[in-house]
Amino acid sequence: MIQRTPFADTFTYVLMALGFVLLIGPFIVILAGASQTLQQVNSVPFRFVPQDHLLENAAAAWSRASLGTAMMNSLIMASLVTVGKVALSACTAFAIVFFRTPLKHFFFWMVFITLMLPLEVRVVPTYAVAADLFQPFRLLIAALTGIEVSVEWNLLNSYAGLTLPLIATATGTFLYRQFFMTLPDELAEAARMDGSGPARFFFDMLLPLSRTNMLALTTIMFVYGWNQYLWPLLMITDPAYKTTMMSLVALLPSENGTPDWNVTLAGSLIIMAPPLIVVAVLQRWFIRGLVATEK
Amino acid sequence: MDKRAVFKSWWLPILFALPQIALILLFFYWPAVAVMRWAFTLEPPFGGAAEFVGWANFQDVFADPFYWNSVGVSLIFAFCGTASTIVVGLVLALAVDRQLPGSGLFRFLYILPYAIAGPAAGMAFRFILSPERGLMASVNAVFPDFWNPAKYGSHALVLVIVIFAWKWAGYTFIFLLAGLQSVPRALTEAAAMDGAGPIRRAVDIQIPMLAPTLFFLLVIMMTEGFVGADTFGIVHHTTGGGPNHGTEVMVFRIVDEAFKGLNYSGASAQSIVLIGLIMVFTFIQFRFIEKRVHYK
């Protein structure tokens with residue numbers, strides 16, 4: 001604080017309070033609505049005071065959208081995506097930074113270009129690959145040798161299908177690459193002199209050293225995995241594999257039915273909770289990950 | 001980048017990079033090639049091999065008024081979304097940067113909306129900004145038909161932009177606050193000694209010093225607005241592109257046309273246009289980041 005003037009300080013607090021109303025206000029409305037009865041939630045004007053029906057609304061939402069299965073599936077999906085992304089980005093960055101190989105520029109650019117191919121623009125053919133994983137190989141083999149091979153592996157309605165196509169990550173790889181490049185040259189030299197091979201160096205030195213990075217990356221990737229919407233929507237038709245984002249539709253009040261928005265809001269609160277807790281509790285790491293991946 | 005390489009094995013790097021490269025080839029490059037192929041070919045309606053049609057698919061797309069509608073909607077969405085997130089983030093960052101007692105709590109709270117998925121936020125906002133209940137019902141009671149996103153495309157567009165801005169304002173806030181904290185204290189102190197008040201200091205010193213961060217956020221948020229996963233999720237779950245194509249952004253139209261209209265060629269041609277746009281954004285972003293690194 002450089003200089004204190006009562007007027008400027010008051011103005012600053014007014015601005016911060018406005019920011020609070022804009023950004024946290026919706027949470028308060030959700031919480032208030034989720035804890036009211038059907039009559040209260042539909043009353044005009046809306047009452048911002050939370051009531052005591054939160055648990056029964058949450059229970060109603062839980063059974064209406066079978067949130068038990070959905071939460072479990074989302075948890076599995078987000079965890080697999082997170083672990084996969086962290087592991088793959090560490091391995092790829094290791095290959096790019098610590099080896100003298102002509103392939104490293106090739107690897108780097110391969111990963112880089114994926115930034116320009118978001119899922120939405122290649123969604124149909126990606127879906128086609130997931131529905132028939134060996135299609136590319138079959139076509140390649142047929143083109144090269146003329147032999148028709150009939151191997152098929154279908155990823156629809158499986159955890160592999162939910163996660164594998166989302167695991168490749170350019171931002172994570174760059175984060176790790178950046179981190180590896182800040183390590184002093186002497187570290188790898190010393191490891192080599194002590195007789196450690198590259199794999200040992202990677203597992204026993206680099207991974208422990210990168211704990212901070214790993215945690216930061218884990219938080220942002222978990223939130224990313226939990227919040228996936230389009231891909232589960234396409235991959236999953238079997239209710240046993242539905243994720244929370246897919247159960248949102250089931251939570252909405254039906255078009256001409258009872259407008260029980262209190263149940264809907266309670267359901268959305270449950271679905272929002274896990275990433276919200278991650279960001280709130282691990283905020284330091286989350287922000288670090290956010291800032292680091294954008295460099 | 002080169003001097004660090006210390007291990008000479010030729011097969012280990014391949015082994016380490018292989019899992020990710022394989023996934024990328026399978027789920028990024030192969031589909032991208034398929035998009036390219038579809039964009040220039042047309043499947044005959046009664047089966048048979050795809051026929052090469054040159055630029056005809058693109059001509060069809062560009063002749064379609066609904067395509068230009070989606071371009072317009074995307075432009076409005078990306079510009080308004082970007083402008084509002086940056087303005088809100090900047091004002092809040094300037095306020096929190098004054099480090100008054102209690103500002104740490106606000107800093108903690110402002111980032112929270114960023115944790116919420118676009119579609120989940122969309123569902124909540126369907127209630128919060130519904131014309132019949134929630135907050136806007138009272139306004140509609142006084143001015144009938146003042147706000148009805150289910151009826152007017154423009155209102156629905158405002159609604160999805162509000163959701164986008166709500167989620168991403170905390171994100172720009174984080175980057176702008178980090179930027180403000182790296183403005184040398186000596187500069188603002190000197191200005192204060194010369195009698196410049198907080199607003200004067202913000203306008204004449206802090207905001208100009210933030211120019212790189214602002215530019216970076218401009219590019220990031222424009223990209224996010226045009227092709228972000230959240231953009232699709234918000235539109236798909238909140239308004240479903242309607243009413244009357246009023247919120248049909250480009251990504252929504254591509255997915256809709258591919259899976260509902262089964263028009264792969266048209267969707268692919270639109271995808272190519274969008275990929276071109278992303279390439280421009282990415283190019284600008286990396287040119288700029290290179291400059292920033294040199295500047296250090």
# chains A, B, ... in the order shown; residues from 1 in each chain; ligands from 1
call {"tool": "residues_around", "arguments": {"residues": "Gly242 in chain B", "least_positions_apart": "5", "cutoff": "9 Å", "atoms": "only C-alpha atoms", "output": "VMD selection string"}}
result
chain B and resid 150 to 153 156 to 157 235 247 to 248
call {"tool": "write_last_selection", "arguments": {"atoms": "all heavy atoms", "output": "short mmCIF file (atom, residue, chain, number, x, y, z; two decimals), in the first residue's frame"}}
result
data_model
loop_
_atom_site.label_atom_id
_atom_site.label_comp_id
_atom_site.auth_asym_id
_atom_site.auth_seq_id
_atom_site.Cartn_x
_atom_site.Cartn_y
_atom_site.Cartn_z
N ALA B 150 -35.88 -17.26 -23.86
CA ALA B 150 -36.46 -18.39 -24.59
C ALA B 150 -37.20 -17.92 -25.84
O ALA B 150 -37.53 -18.72 -26.71
CB ALA B 150 -37.44 -19.15 -23.68
N LYS B 151 -37.43 -16.63 -25.94
CA LYS B 151 -38.21 -16.09 -27.05
C LYS B 151 -37.36 -15.26 -28.00
O LYS B 151 -37.53 -15.33 -29.21
CB LYS B 151 -39.33 -15.22 -26.45
CG LYS B 151 -40.41 -14.80 -27.39
CD LYS B 151 -41.55 -14.19 -26.58
CE LYS B 151 -42.40 -13.26 -27.40
NZ LYS B 151 -43.23 -12.42 -26.51
N TYR B 152 -36.43 -14.49 -27.45
CA TYR B 152 -35.65 -13.59 -28.29
C TYR B 152 -34.20 -14.07 -28.40
O TYR B 152 -33.52 -14.28 -27.39
CB TYR B 152 -35.65 -12.18 -27.72
CG TYR B 152 -37.03 -11.59 -27.58
CD1 TYR B 152 -37.59 -11.37 -26.33
CD2 TYR B 152 -37.78 -11.28 -28.72
CE1 TYR B 152 -38.86 -10.84 -26.21
CE2 TYR B 152 -39.06 -10.75 -28.60
CZ TYR B 152 -39.59 -10.54 -27.35
OH TYR B 152 -40.85 -10.03 -27.23
N GLY B 153 -33.73 -14.23 -29.63
CA GLY B 153 -32.35 -14.67 -29.84
C GLY B 153 -31.33 -13.74 -29.20
O GLY B 153 -30.34 -14.19 -28.62
N ALA B 156 -31.05 -14.38 -25.55
CA ALA B 156 -30.35 -15.64 -25.31
C ALA B 156 -28.86 -15.45 -25.50
O ALA B 156 -28.04 -16.01 -24.75
CB ALA B 156 -30.88 -16.72 -26.26
N LEU B 157 -28.48 -14.64 -26.51
CA LEU B 157 -27.06 -14.39 -26.75
C LEU B 157 -26.44 -13.66 -25.56
O LEU B 157 -25.33 -13.98 -25.12
CB LEU B 157 -26.89 -13.59 -28.04
CG LEU B 157 -25.47 -13.42 -28.57
CD1 LEU B 157 -24.79 -14.77 -28.69
CD2 LEU B 157 -25.47 -12.73 -29.91
N VAL B 235 -23.37 -23.10 -24.83
CA VAL B 235 -24.44 -22.92 -25.82
C VAL B 235 -25.30 -24.17 -25.91
O VAL B 235 -26.53 -24.10 -25.91
CB VAL B 235 -23.83 -22.57 -27.20
CG1 VAL B 235 -24.89 -22.64 -28.28
CG2 VAL B 235 -23.22 -21.19 -27.16
N THR B 247 -28.20 -18.16 -30.98
CA THR B 247 -26.96 -18.38 -30.24
C THR B 247 -26.11 -19.46 -30.90
O THR B 247 -25.29 -20.09 -30.27
CB THR B 247 -27.26 -18.81 -28.80
OG1 THR B 247 -28.19 -19.89 -28.83
CG2 THR B 247 -27.84 -17.67 -27.99
N GLU B 248 -26.35 -19.67 -32.20
CA GLU B 248 -25.64 -20.74 -32.89
C GLU B 248 -24.21 -20.28 -33.22
O GLU B 248 -23.97 -19.70 -34.28
CB GLU B 248 -26.39 -21.11 -34.16
CG GLU B 248 -26.10 -22.49 -34.64
CD GLU B 248 -27.01 -22.85 -35.80
OE1 GLU B 248 -26.88 -22.25 -36.87
OE2 GLU B 248 -27.85 -23.72 -35.61
#
call {"tool": "select_by_dssp", "arguments": {"residues": "range 168-275 of chain A", "states": "helix (DSSP H, G or I)", "output": "short mmCIF file (atom, residue, chain, number, x, y, z; two decimals) with N, CA, C and O atoms, in the first residue's frame"}}
result
data_model
loop_
_atom_site.label_atom_id
_atom_site.label_comp_id
_atom_site.auth_asym_id
_atom_site.auth_seq_id
_atom_site.Cartn_x
_atom_site.Cartn_y
_atom_site.Cartn_z
N ALA A 170 -0.69 -30.95 -24.95
CA ALA A 170 0.41 -30.08 -25.34
C ALA A 170 0.81 -29.17 -24.18
O ALA A 170 1.99 -29.01 -23.89
N THR A 171 -0.18 -28.63 -23.48
CA THR A 171 0.15 -27.69 -22.40
C THR A 171 0.95 -28.38 -21.30
O THR A 171 1.93 -27.82 -20.80
N GLY A 172 0.54 -29.60 -20.92
CA GLY A 172 1.28 -30.32 -19.89
C GLY A 172 2.70 -30.62 -20.32
O GLY A 172 3.65 -30.46 -19.55
N THR A 173 2.85 -31.04 -21.58
CA THR A 173 4.18 -31.35 -22.09
C THR A 173 5.07 -30.11 -22.06
O THR A 173 6.24 -30.18 -21.67
N PHE A 174 4.50 -28.96 -22.44
CA PHE A 174 5.29 -27.72 -22.43
C PHE A 174 5.66 -27.33 -21.00
O PHE A 174 6.77 -26.84 -20.75
N LEU A 175 4.73 -27.54 -20.07
CA LEU A 175 5.01 -27.22 -18.67
C LEU A 175 6.22 -28.02 -18.20
O LEU A 175 7.14 -27.49 -17.58
N TYR A 176 6.21 -29.31 -18.50
CA TYR A 176 7.31 -30.16 -18.07
C TYR A 176 8.61 -29.82 -18.80
O TYR A 176 9.68 -29.81 -18.21
N ARG A 177 8.48 -29.52 -20.08
CA ARG A 177 9.66 -29.16 -20.85
C ARG A 177 10.32 -27.92 -20.24
O ARG A 177 11.52 -27.88 -19.99
N GLN A 178 9.47 -26.92 -19.94
CA GLN A 178 9.94 -25.70 -19.32
C GLN A 178 10.67 -25.99 -18.01
O GLN A 178 11.76 -25.47 -17.75
N PHE A 179 10.08 -26.87 -17.22
CA PHE A 179 10.67 -27.20 -15.92
C PHE A 179 12.01 -27.91 -16.10
O PHE A 179 13.01 -27.55 -15.47
N PHE A 180 12.06 -28.88 -16.99
CA PHE A 180 13.31 -29.63 -17.22
C PHE A 180 14.41 -28.69 -17.70
O PHE A 180 15.58 -28.86 -17.38
N MET A 181 14.03 -27.68 -18.48
CA MET A 181 15.05 -26.80 -19.02
C MET A 181 15.59 -25.83 -17.98
O MET A 181 16.65 -25.24 -18.18
N THR A 182 14.87 -25.66 -16.87
CA THR A 182 15.42 -24.80 -15.82
C THR A 182 16.39 -25.55 -14.91
O THR A 182 17.12 -24.93 -14.14
N ASP A 185 22.49 -28.05 -15.96
CA ASP A 185 23.10 -29.11 -16.75
C ASP A 185 23.85 -30.12 -15.88
O ASP A 185 23.90 -31.30 -16.17
N GLU A 186 24.44 -29.57 -14.80
CA GLU A 186 25.32 -30.40 -13.97
C GLU A 186 24.57 -31.56 -13.34
O GLU A 186 25.17 -32.58 -13.01
N LEU A 187 23.25 -31.40 -13.15
CA LEU A 187 22.48 -32.44 -12.49
C LEU A 187 22.56 -33.75 -13.27
O LEU A 187 22.89 -34.81 -12.72
N ALA A 188 22.27 -33.65 -14.57
CA ALA A 188 22.30 -34.86 -15.39
C ALA A 188 23.73 -35.37 -15.53
O ALA A 188 23.98 -36.58 -15.51
N GLU A 189 24.69 -34.44 -15.65
CA GLU A 189 26.11 -34.84 -15.74
C GLU A 189 26.50 -35.65 -14.50
O GLU A 189 27.09 -36.73 -14.61
N ALA A 190 26.14 -35.11 -13.34
CA ALA A 190 26.50 -35.78 -12.09
C ALA A 190 25.86 -37.16 -12.02
O ALA A 190 26.50 -38.14 -11.64
N ALA A 191 24.58 -37.21 -12.40
CA ALA A 191 23.89 -38.50 -12.37
C ALA A 191 24.60 -39.50 -13.26
O ALA A 191 24.81 -40.66 -12.91
N ARG A 192 25.03 -39.01 -14.43
CA ARG A 192 25.68 -39.92 -15.38
C ARG A 192 27.02 -40.40 -14.83
O ARG A 192 27.38 -41.55 -14.96
N MET A 193 27.77 -39.46 -14.20
CA MET A 193 29.07 -39.84 -13.65
C MET A 193 28.92 -40.88 -12.54
O MET A 193 29.75 -41.75 -12.38
N PRO A 198 19.66 -43.24 -18.02
CA PRO A 198 18.60 -42.26 -18.22
C PRO A 198 17.30 -42.61 -17.50
O PRO A 198 16.66 -41.73 -16.92
N ALA A 199 16.91 -43.89 -17.52
CA ALA A 199 15.64 -44.26 -16.90
C ALA A 199 15.71 -44.03 -15.39
O ALA A 199 14.79 -43.45 -14.78
N ARG A 200 16.81 -44.43 -14.80
CA ARG A 200 16.99 -44.25 -13.36
C ARG A 200 16.98 -42.76 -13.02
O ARG A 200 16.36 -42.34 -12.05
N PHE A 201 17.68 -41.97 -13.83
CA PHE A 201 17.73 -40.53 -13.64
C PHE A 201 16.32 -39.95 -13.67
O PHE A 201 15.93 -39.12 -12.84
N PHE A 202 15.53 -40.41 -14.61
CA PHE A 202 14.16 -39.92 -14.76
C PHE A 202 13.31 -40.25 -13.53
O PHE A 202 12.69 -39.38 -12.93
N PHE A 203 13.35 -41.52 -13.12
CA PHE A 203 12.45 -41.94 -12.04
C PHE A 203 12.95 -41.50 -10.66
O PHE A 203 12.15 -41.15 -9.80
N ASP A 204 14.28 -41.54 -10.45
CA ASP A 204 14.77 -41.26 -9.11
C ASP A 204 15.11 -39.79 -8.87
O ASP A 204 15.18 -39.35 -7.72
N MET A 205 15.36 -39.03 -9.92
CA MET A 205 15.71 -37.62 -9.70
C MET A 205 14.67 -36.67 -10.27
O MET A 205 14.16 -35.79 -9.57
N LEU A 206 14.36 -36.82 -11.55
CA LEU A 206 13.48 -35.82 -12.17
C LEU A 206 12.08 -35.84 -11.57
O LEU A 206 11.53 -34.80 -11.22
N LEU A 207 11.49 -37.02 -11.44
CA LEU A 207 10.12 -37.07 -10.95
C LEU A 207 9.98 -36.50 -9.53
O LEU A 207 9.11 -35.67 -9.29
N PRO A 208 10.84 -36.94 -8.58
CA PRO A 208 10.74 -36.31 -7.26
C PRO A 208 10.94 -34.79 -7.29
O PRO A 208 10.26 -34.05 -6.60
N LEU A 209 11.90 -34.34 -8.14
CA LEU A 209 12.14 -32.89 -8.22
C LEU A 209 10.93 -32.14 -8.75
O LEU A 209 10.75 -30.96 -8.46
N ARG A 211 7.82 -32.52 -8.16
CA ARG A 211 6.60 -32.65 -7.36
C ARG A 211 5.69 -31.43 -7.45
O ARG A 211 4.48 -31.54 -7.62
N THR A 212 6.31 -30.25 -7.34
CA THR A 212 5.53 -29.01 -7.38
C THR A 212 4.74 -28.91 -8.69
O THR A 212 3.54 -28.64 -8.70
N ASN A 213 5.47 -29.16 -9.80
CA ASN A 213 4.84 -29.13 -11.11
C ASN A 213 3.73 -30.13 -11.21
O ASN A 213 2.67 -29.86 -11.77
N MET A 214 3.99 -31.32 -10.66
CA MET A 214 3.05 -32.41 -10.78
C MET A 214 1.75 -32.03 -10.08
O MET A 214 0.67 -32.23 -10.62
N LEU A 215 1.87 -31.45 -8.90
CA LEU A 215 0.68 -31.09 -8.13
C LEU A 215 -0.11 -29.99 -8.86
O LEU A 215 -1.33 -30.06 -8.97
N ALA A 216 0.63 -29.01 -9.38
CA ALA A 216 -0.03 -27.92 -10.09
C ALA A 216 -0.77 -28.46 -11.31
O ALA A 216 -1.94 -28.15 -11.55
N LEU A 217 -0.09 -29.33 -12.05
CA LEU A 217 -0.69 -29.90 -13.26
C LEU A 217 -1.87 -30.78 -12.89
O LEU A 217 -2.90 -30.77 -13.56
N THR A 218 -1.73 -31.54 -11.80
CA THR A 218 -2.81 -32.42 -11.36
C THR A 218 -4.09 -31.64 -11.08
O THR A 218 -5.17 -32.03 -11.53
N THR A 219 -3.97 -30.52 -10.37
CA THR A 219 -5.18 -29.76 -10.04
C THR A 219 -5.88 -29.26 -11.30
O THR A 219 -7.09 -29.46 -11.45
N ILE A 220 -5.14 -28.67 -12.24
CA ILE A 220 -5.85 -28.13 -13.41
C ILE A 220 -6.39 -29.25 -14.29
O ILE A 220 -7.46 -29.13 -14.85
N MET A 221 -5.65 -30.36 -14.36
CA MET A 221 -6.13 -31.44 -15.22
C MET A 221 -7.33 -32.16 -14.61
O MET A 221 -8.19 -32.65 -15.33
N PHE A 222 -7.40 -32.22 -13.28
CA PHE A 222 -8.57 -32.83 -12.66
C PHE A 222 -9.82 -32.02 -12.98
O PHE A 222 -10.86 -32.57 -13.36
N VAL A 223 -9.71 -30.72 -12.83
CA VAL A 223 -10.85 -29.86 -13.14
C VAL A 223 -11.23 -30.00 -14.61
O VAL A 223 -12.41 -30.12 -14.96
N TYR A 224 -10.21 -30.05 -15.48
CA TYR A 224 -10.44 -30.24 -16.91
C TYR A 224 -11.19 -31.55 -17.15
O TYR A 224 -12.18 -31.59 -17.89
N GLY A 225 -10.71 -32.64 -16.52
CA GLY A 225 -11.31 -33.95 -16.75
C GLY A 225 -12.75 -34.01 -16.25
O GLY A 225 -13.64 -34.53 -16.92
N TRP A 226 -12.98 -33.45 -15.09
CA TRP A 226 -14.32 -33.48 -14.50
C TRP A 226 -15.31 -32.71 -15.38
O TRP A 226 -16.46 -33.10 -15.51
N LEU A 230 -18.58 -32.53 -24.19
CA LEU A 230 -18.92 -33.04 -25.53
C LEU A 230 -18.52 -34.50 -25.71
O LEU A 230 -19.29 -35.30 -26.23
N TRP A 231 -17.31 -34.85 -25.28
CA TRP A 231 -16.80 -36.19 -25.58
C TRP A 231 -17.62 -37.29 -24.90
O TRP A 231 -18.06 -38.23 -25.58
N PRO A 232 -17.88 -37.21 -23.58
CA PRO A 232 -18.74 -38.23 -22.96
C PRO A 232 -20.12 -38.30 -23.62
O PRO A 232 -20.66 -39.38 -23.79
N LEU A 233 -20.62 -37.16 -24.02
CA LEU A 233 -21.93 -37.11 -24.66
C LEU A 233 -21.96 -38.01 -25.90
O LEU A 233 -22.98 -38.63 -26.20
N LEU A 234 -20.85 -38.07 -26.63
CA LEU A 234 -20.80 -38.87 -27.85
C LEU A 234 -20.47 -40.32 -27.57
O LEU A 234 -21.01 -41.23 -28.19
N MET A 235 -19.55 -40.53 -26.62
CA MET A 235 -19.01 -41.88 -26.42
C MET A 235 -19.97 -42.80 -25.70
O MET A 235 -19.92 -44.00 -25.85
N PRO A 239 -26.24 -46.21 -19.73
CA PRO A 239 -26.40 -45.42 -18.49
C PRO A 239 -25.36 -45.75 -17.42
O PRO A 239 -25.05 -44.90 -16.58
N ALA A 240 -24.81 -46.96 -17.46
CA ALA A 240 -23.84 -47.35 -16.44
C ALA A 240 -22.56 -46.53 -16.54
O ALA A 240 -21.78 -46.47 -15.58
N TYR A 241 -22.29 -45.89 -17.69
CA TYR A 241 -21.06 -45.13 -17.86
C TYR A 241 -21.30 -43.63 -17.90
O TYR A 241 -20.41 -42.86 -18.22
N THR A 244 -21.25 -37.00 -14.83
CA THR A 244 -22.12 -35.97 -14.24
C THR A 244 -22.60 -34.96 -15.28
O THR A 244 -23.74 -34.52 -15.23
N MET A 245 -21.71 -34.62 -16.22
CA MET A 245 -22.11 -33.62 -17.20
C MET A 245 -23.28 -34.11 -18.05
O MET A 245 -24.08 -33.33 -18.55
N MET A 246 -23.38 -35.45 -18.21
CA MET A 246 -24.48 -36.00 -18.99
C MET A 246 -25.76 -36.04 -18.17
O MET A 246 -26.86 -36.08 -18.72
N SER A 247 -25.63 -36.11 -16.83
CA SER A 247 -26.83 -36.19 -16.02
C SER A 247 -27.45 -34.81 -15.80
O SER A 247 -28.53 -34.71 -15.23
N LEU A 248 -26.78 -33.76 -16.27
CA LEU A 248 -27.36 -32.41 -16.16
C LEU A 248 -28.74 -32.38 -16.82
O LEU A 248 -29.68 -31.80 -16.27
N VAL A 249 -28.84 -33.00 -17.99
CA VAL A 249 -30.11 -32.95 -18.73
C VAL A 249 -31.23 -33.58 -17.92
O VAL A 249 -32.34 -33.05 -17.85
N ALA A 250 -30.91 -34.71 -17.25
CA ALA A 250 -31.93 -35.40 -16.45
C ALA A 250 -32.38 -34.55 -15.27
O ALA A 250 -33.47 -34.74 -14.75
N LEU A 251 -31.53 -33.61 -14.87
CA LEU A 251 -31.88 -32.78 -13.71
C LEU A 251 -32.86 -31.67 -14.04
O LEU A 251 -33.56 -31.17 -13.17
N TRP A 261 -37.24 -26.38 -9.60
CA TRP A 261 -35.87 -25.90 -9.78
C TRP A 261 -35.04 -26.08 -8.52
O TRP A 261 -33.81 -26.07 -8.60
N ASN A 262 -35.70 -26.22 -7.36
CA ASN A 262 -34.93 -26.44 -6.14
C ASN A 262 -34.13 -27.75 -6.24
O ASN A 262 -32.97 -27.81 -5.84
N VAL A 263 -34.76 -28.79 -6.82
CA VAL A 263 -34.06 -30.06 -7.00
C VAL A 263 -32.94 -29.91 -8.04
O VAL A 263 -31.82 -30.37 -7.84
N THR A 264 -33.29 -29.23 -9.15
CA THR A 264 -32.28 -29.01 -10.19
C THR A 264 -31.05 -28.30 -9.63
O THR A 264 -29.91 -28.70 -9.89
N LEU A 265 -31.29 -27.23 -8.86
CA LEU A 265 -30.17 -26.46 -8.32
C LEU A 265 -29.37 -27.29 -7.32
O LEU A 265 -28.13 -27.21 -7.30
N ALA A 266 -30.07 -28.10 -6.50
CA ALA A 266 -29.35 -28.95 -5.55
C ALA A 266 -28.45 -29.92 -6.32
O ALA A 266 -27.30 -30.17 -5.94
N GLY A 267 -28.99 -30.48 -7.43
CA GLY A 267 -28.20 -31.39 -8.25
C GLY A 267 -26.99 -30.70 -8.84
O GLY A 267 -25.87 -31.24 -8.82
N SER A 268 -27.19 -29.48 -9.35
CA SER A 268 -26.06 -28.78 -9.96
C SER A 268 -25.01 -28.46 -8.90
O SER A 268 -23.81 -28.48 -9.18
N LEU A 269 -25.47 -28.22 -7.68
CA LEU A 269 -24.53 -27.95 -6.58
C LEU A 269 -23.65 -29.18 -6.32
O LEU A 269 -22.43 -29.06 -6.15
N ILE A 270 -24.27 -30.37 -6.34
CA ILE A 270 -23.50 -31.60 -6.13
C ILE A 270 -22.46 -31.76 -7.23
O ILE A 270 -21.30 -32.09 -6.99
N ILE A 271 -22.90 -31.50 -8.48
CA ILE A 271 -22.00 -31.70 -9.62
C ILE A 271 -20.86 -30.69 -9.62
O ILE A 271 -19.74 -30.99 -10.01
N MET A 272 -21.16 -29.46 -9.13
CA MET A 272 -20.13 -28.43 -9.11
C MET A 272 -19.13 -28.64 -7.98
O MET A 272 -18.01 -28.11 -8.04
N ALA A 273 -19.53 -29.40 -6.96
CA ALA A 273 -18.73 -29.44 -5.73
C ALA A 273 -17.28 -29.94 -5.93
O ALA A 273 -16.35 -29.24 -5.50
N PRO A 274 -17.05 -31.11 -6.56
CA PRO A 274 -15.67 -31.62 -6.58
C PRO A 274 -14.64 -30.65 -7.19
O PRO A 274 -13.64 -30.36 -6.53
N PRO A 275 -14.87 -30.11 -8.42
CA PRO A 275 -13.85 -29.18 -8.92
C PRO A 275 -13.75 -27.92 -8.08
O PRO A 275 -12.66 -27.35 -7.91
#
call {"tool": "residues_around", "arguments": {"residues": "range 9-26 of chain A", "least_positions_apart": "2", "cutoff": "9 Å", "atoms": "only C-alpha atoms", "output": "PyMOL selection string"}}
result
(chain A and resi 4-7+28-31) or (chain B and resi 88+91-92+94-96+98+100+103+106+109-113+124-125+128+166-167+169-170)
call {"tool": "atom_distance", "arguments": {"atom1": "CA of Met71 in chain A", "atom2": "CA of Ile277 in chain A"}}
result
14.4 Å
call {"tool": "closest_residue", "arguments": {"among": "B:Met250, B:Tyr67, B:Ile199, B:Lys260", "to": "Gly228 in chain B", "atoms": "only C-alpha atoms"}}
result
B:Met250
call {"tool": "closest_residue", "arguments": {"among": "B:Val6, B:Met193, B:Ile21, B:Ala141", "to": "Pro165 in chain A", "atoms": "only C-alpha atoms"}}
result
B:Ile21
call {"tool": "closest_residue", "arguments": {"among": "B:Ser84, B:Val61, B:Ala56, B:Phe40", "to": "Ile254 in chain B", "atoms": "only C-alpha atoms"}}
result
B:Val61
call {"tool": "residues_around", "arguments": {"residues": "Pro50 in chain A", "least_positions_apart": "6", "cutoff": "8 Å", "atoms": "only C-alpha atoms", "output": "PDB file with N, CA, C and O atoms, in the first residue's frame"}}
result
ATOM      1  N   LEU A  31     -27.280 -21.788  -3.965  1.00  0.00           N
ATOM      2  CA  LEU A  31     -27.390 -22.380  -2.631  1.00  0.00           C
ATOM      3  C   LEU A  31     -28.750 -22.071  -2.019  1.00  0.00           C
ATOM      4  O   LEU A  31     -29.416 -22.960  -1.456  1.00  0.00           O
ATOM      5  N   ALA A  32     -29.201 -20.816  -2.156  1.00  0.00           N
ATOM      6  CA  ALA A  32     -30.496 -20.431  -1.583  1.00  0.00           C
ATOM      7  C   ALA A  32     -31.611 -21.219  -2.263  1.00  0.00           C
ATOM      8  O   ALA A  32     -32.458 -21.818  -1.597  1.00  0.00           O
ATOM      9  N   GLY A  33     -31.589 -21.242  -3.598  1.00  0.00           N
ATOM     10  CA  GLY A  33     -32.640 -21.954  -4.327  1.00  0.00           C
ATOM     11  C   GLY A  33     -32.647 -23.438  -4.009  1.00  0.00           C
ATOM     12  O   GLY A  33     -33.706 -24.062  -3.895  1.00  0.00           O
ATOM     13  N   ALA A  34     -31.441 -23.993  -3.858  1.00  0.00           N
ATOM     14  CA  ALA A  34     -31.338 -25.431  -3.632  1.00  0.00           C
ATOM     15  C   ALA A  34     -31.861 -25.827  -2.266  1.00  0.00           C
ATOM     16  O   ALA A  34     -32.114 -27.004  -2.025  1.00  0.00           O
ATOM     17  N   SER A  35     -32.005 -24.858  -1.362  1.00  0.00           N
ATOM     18  CA  SER A  35     -32.417 -25.211  -0.011  1.00  0.00           C
ATOM     19  C   SER A  35     -33.849 -24.779   0.267  1.00  0.00           C
ATOM     20  O   SER A  35     -34.281 -24.769   1.402  1.00  0.00           O
ATOM     21  N   GLN A  36     -34.585 -24.392  -0.802  1.00  0.00           N
ATOM     22  CA  GLN A  36     -35.959 -23.938  -0.598  1.00  0.00           C
ATOM     23  C   GLN A  36     -36.953 -25.001  -1.057  1.00  0.00           C
ATOM     24  O   GLN A  36     -36.596 -25.964  -1.731  1.00  0.00           O
TER      25      GLN A  36
END
call {"tool": "atom_distance", "arguments": {"atom1": "CA of Val123 in chain A", "atom2": "CA of Val255 in chain B"}}
result
7.2 Å
call {"tool": "residues_around", "arguments": {"residues": "Arg185 in chain B", "least_positions_apart": "5", "cutoff": "12 Å", "atoms": "only C-alpha atoms", "output": "VMD selection string"}}
result
(chain A and resid 1 to 2) or (chain B and resid 97 to 98 180 190 to 192 201 205 to 206 209)
call {"tool": "write_last_selection", "arguments": {"atoms": "C-alpha atoms", "output": "mmCIF file, in the first residue's frame"}}
result
data_model
loop_
_atom_site.group_PDB
_atom_site.id
_atom_site.type_symbol
_atom_site.label_atom_id
_atom_site.label_comp_id
_atom_site.auth_asym_id
_atom_site.auth_seq_id
_atom_site.Cartn_x
_atom_site.Cartn_y
_atom_site.Cartn_z
ATOM 1 C CA MET A 1 0.000 0.000 0.000
ATOM 2 C CA ILE A 2 1.515 3.212 -1.141
ATOM 3 C CA ASP B 97 -3.639 -4.944 -5.932
ATOM 4 C CA ARG B 98 -4.090 -2.038 -3.520
ATOM 5 C CA LEU B 180 0.191 -5.728 -11.709
ATOM 6 C CA ALA B 190 7.242 8.026 -7.606
ATOM 7 C CA ALA B 191 3.900 8.850 -9.190
ATOM 8 C CA ALA B 192 2.252 8.999 -5.774
ATOM 9 C CA ARG B 201 -1.737 5.942 -11.459
ATOM 10 C CA ILE B 205 1.180 3.754 -15.269
ATOM 11 C CA GLN B 206 -0.327 0.433 -14.318
ATOM 12 C CA MET B 209 2.589 -1.529 -18.061
#
